[in-house]
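Worksheet: the structure to be examined is printed underneath.
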Amino acid sequence: MLLFINIIGLTLLAIFMLFLLNKHEKKTGDRLLVVIIIAFACYFLSEIWIQIDLNAWSFAFQSLFSFYILFPFILYALLLIDDEYKIKPVWWWLGSYDVVYTVFIISDLLILNDYTTAQIRELYEAPPLIYHIFYKGHMLYSIGVLIWYLRKLKVYQLKIRDYYSNIEQIRFEWLKYFSWSYLTVNSLSMAVFLPYNFGYIASIEIPFLVINAAFVLWLFYFIYHGIKQYTRANFQSQEKTTATEATKAEKYQSSSLSDNEMDGLYDQVKDLFETEQVFHNPELKIQHLAEMLNVTVHNISQTINSKSGKSFYDLVNLYRVEQFKELLCNPEKNRFTILALGFESGFNSKASMNRIFKQHVGQTPKEYKLAHA
């Protein structure tokens, strides 16, 4: 059974690797995905190897690559929410635990000791305290890093609402759920290995069976969204380049506006929405408004937040919802589908239209139309 699960994992990885290799213009995110695939593949191969021949090399291989999955994933996840879409040198500390363990395992198995096959099996099935410290420590370290990342992702998701009216492609909800699932896998590892360590589970294959099955499910989810949404990372890097350049340009230009100045600027913003109806542009960004009014992004963002009490994203979608409601109640528009009316109001997808409308109104567009027919 364990062999079957490992083969399924390798098959999924092979499919994803072929998909990535067929991509013509590979970016940093794609290369990190390749590293993640290789780390996973090495882990599953080591599981197969250790079942066939348990020796110092197979044990070291399996032990190391069970640690090496988190680091490339965290780099990839941080890259997706980085303003400049670049790997930061400060992120390398996240791999420090792996480096320490690598030095330990190589020294213990291949340099300082000459373990017999029986001793290697004992290390595998009943590891000494130092191994337990590393194993359980890595589980706790992984959980801590993932919680830290989820907080950064939440800050990022709030931040982009000040710059974009359409955030569906760059808010990475799937990454949030995926990170939570990875955190769950690490918690599950702790939960299933502790009963084995205390003798409540007889065979070590049982906890490995549970963990590897969870890894395969987690991997399937990751690959599915990787194939479905990897282009969003490219979209994001292109979109955020503009925002980053604008931020850098304004670093020494921006200053707080007086209340009277914000009143005047907010009147101009409302005129763009109510007269020009700029919210019809599904890809409207705050940068567009700044260019129209010849002001800085900082000043217009400050004005919208202060005077409306809303983010740019919320303000734009409020106007879209209000017009959408009018169109749904207009008898002359009955010949058009609800989706067509949503697009006319500035929404760019059925999913975002339904989600945003229900958040504002408490009903789906269809329910609202029926209630006001």
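Every chain in the structure tokens has a letter given in the order shown (A, B, ...), and although residue numbers restart at 1 in each chain, ligands are simply numbered from 1 in the order shown.
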
_Write out as a PyMOL selection string the set of residues from region 188-343 of chain A that DSSP, computed on the backbone, places in helix (DSSP H, G or I)._
chain A and resi 188-197+205-250+259-274+278-280+286-293+297-308+312-328+331-333+338-343

*Mind checking which residues fall within 12 Å of Leu293 (chain A), counting only C-alpha atoms, ignoring those fewer than 5 positions away in the same chain, and posting them as a PyMOL selection string?*
chain A and resi 264-272+286-288+299-300

*Neighbours of Leu158 (chain A) within 12 Å (only C-alpha atoms; same-chain residues fewer than 6 positions away dropped), as number ranges by chain?*
A: 81, 151-152, 164, 167, 170-172, 310-314

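Each of A:Arg320, A:Lys86, A:Lys159, A:Arg335 was checked against Phe347 (chain A) using only C-alpha atoms; the smallest atom-to-atom distance is that of A:Arg320.
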
*Within 7 Å of Phe73 (chain A) using only C-alpha atoms, minus same-chain residues under 4 positions, as a ChimeraX atom specification*: /A:36,69,77

Restricting it to N, CA, C and O atoms, dump the selection as a PDB file, in the first residue's frame.
```
ATOM      1  N   ILE A  36      10.557  22.370  -6.160  1.00  0.00           N
ATOM      2  CA  ILE A  36       9.584  21.725  -5.279  1.00  0.00           C
ATOM      3  C   ILE A  36       9.272  20.321  -5.781  1.00  0.00           C
ATOM      4  O   ILE A  36       9.204  19.360  -5.002  1.00  0.00           O
ATOM      5  N   ILE A  69      11.182  19.842   1.721  1.00  0.00           N
ATOM      6  CA  ILE A  69       9.993  20.248   0.967  1.00  0.00           C
ATOM      7  C   ILE A  69       9.539  21.654   1.362  1.00  0.00           C
ATOM      8  O   ILE A  69       9.130  22.447   0.522  1.00  0.00           O
ATOM      9  N   ALA A  77       5.982  30.677  -2.245  1.00  0.00           N
ATOM     10  CA  ALA A  77       4.828  31.380  -1.698  1.00  0.00           C
ATOM     11  C   ALA A  77       5.156  32.845  -1.399  1.00  0.00           C
ATOM     12  O   ALA A  77       4.339  33.737  -1.641  1.00  0.00           O
TER      13      ALA A  77
END
```

*Which neighbours of region 322-325 of chain A fall inside 7 Å, counting only C-alpha atoms, when residues of the same chain fewer than 3 positions from it are skipped, and could you give them as an MDAnalysis selection string?*
chainID A and resid 318:319 328:329 341:342 345

Same residues, C-alpha atoms, output as an mmCIF file, in the first residue's frame:
```cif
data_model
loop_
_atom_site.group_PDB
_atom_site.id
_atom_site.type_symbol
_atom_site.label_atom_id
_atom_site.label_comp_id
_atom_site.auth_asym_id
_atom_site.auth_seq_id
_atom_site.Cartn_x
_atom_site.Cartn_y
_atom_site.Cartn_z
ATOM 1 C CA LEU A 318 -19.634 49.630 -4.446
ATOM 2 C CA TYR A 319 -20.260 51.707 -7.587
ATOM 3 C CA LEU A 328 -31.252 44.243 -12.797
ATOM 4 C CA CYS A 329 -34.389 46.276 -11.959
ATOM 5 C CA LEU A 341 -25.409 43.074 -17.062
ATOM 6 C CA GLY A 342 -22.637 42.251 -14.589
ATOM 7 C CA SER A 345 -21.320 47.175 -14.637
#
```

Write out as a Markdown table a residue-level contact list of region 131-163 of chain A versus region 181-186 of chain A with cut-off 7 Å: for each qualifying residue the closest pair of atoms and the distance in Å to one decimal, counting only C-alpha atoms, rows sorted by chain and residue number upward.
```
| residue | atom | partner | partner_atom | distance |
| --- | --- | --- | --- | --- |
| A:Met139 | CA | A:Asn186 | CA | 5.7 |
| A:Ile143 | CA | A:Leu183 | CA | 5.5 |
| A:Leu146 | CA | A:Leu183 | CA | 6.3 |
```

Given the selection you just returned, output its residues as a file containing N, CA, C and O atoms, formatted as a short mmCIF file (atom, residue, chain, number, x, y, z; two decimals), in the first residue's frame.
```cif
data_model
loop_
_atom_site.label_atom_id
_atom_site.label_comp_id
_atom_site.auth_asym_id
_atom_site.auth_seq_id
_atom_site.Cartn_x
_atom_site.Cartn_y
_atom_site.Cartn_z
N MET A 139 8.89 19.67 12.71
CA MET A 139 7.43 19.78 12.59
C MET A 139 6.95 21.09 13.20
O MET A 139 6.15 21.82 12.61
N ILE A 143 5.35 24.42 11.28
CA ILE A 143 4.09 25.03 11.69
C ILE A 143 4.27 26.51 11.97
O ILE A 143 3.47 27.35 11.54
N LEU A 146 4.81 28.47 8.66
CA LEU A 146 3.57 28.57 7.90
C LEU A 146 2.61 29.58 8.52
O LEU A 146 1.94 30.33 7.81
#
```
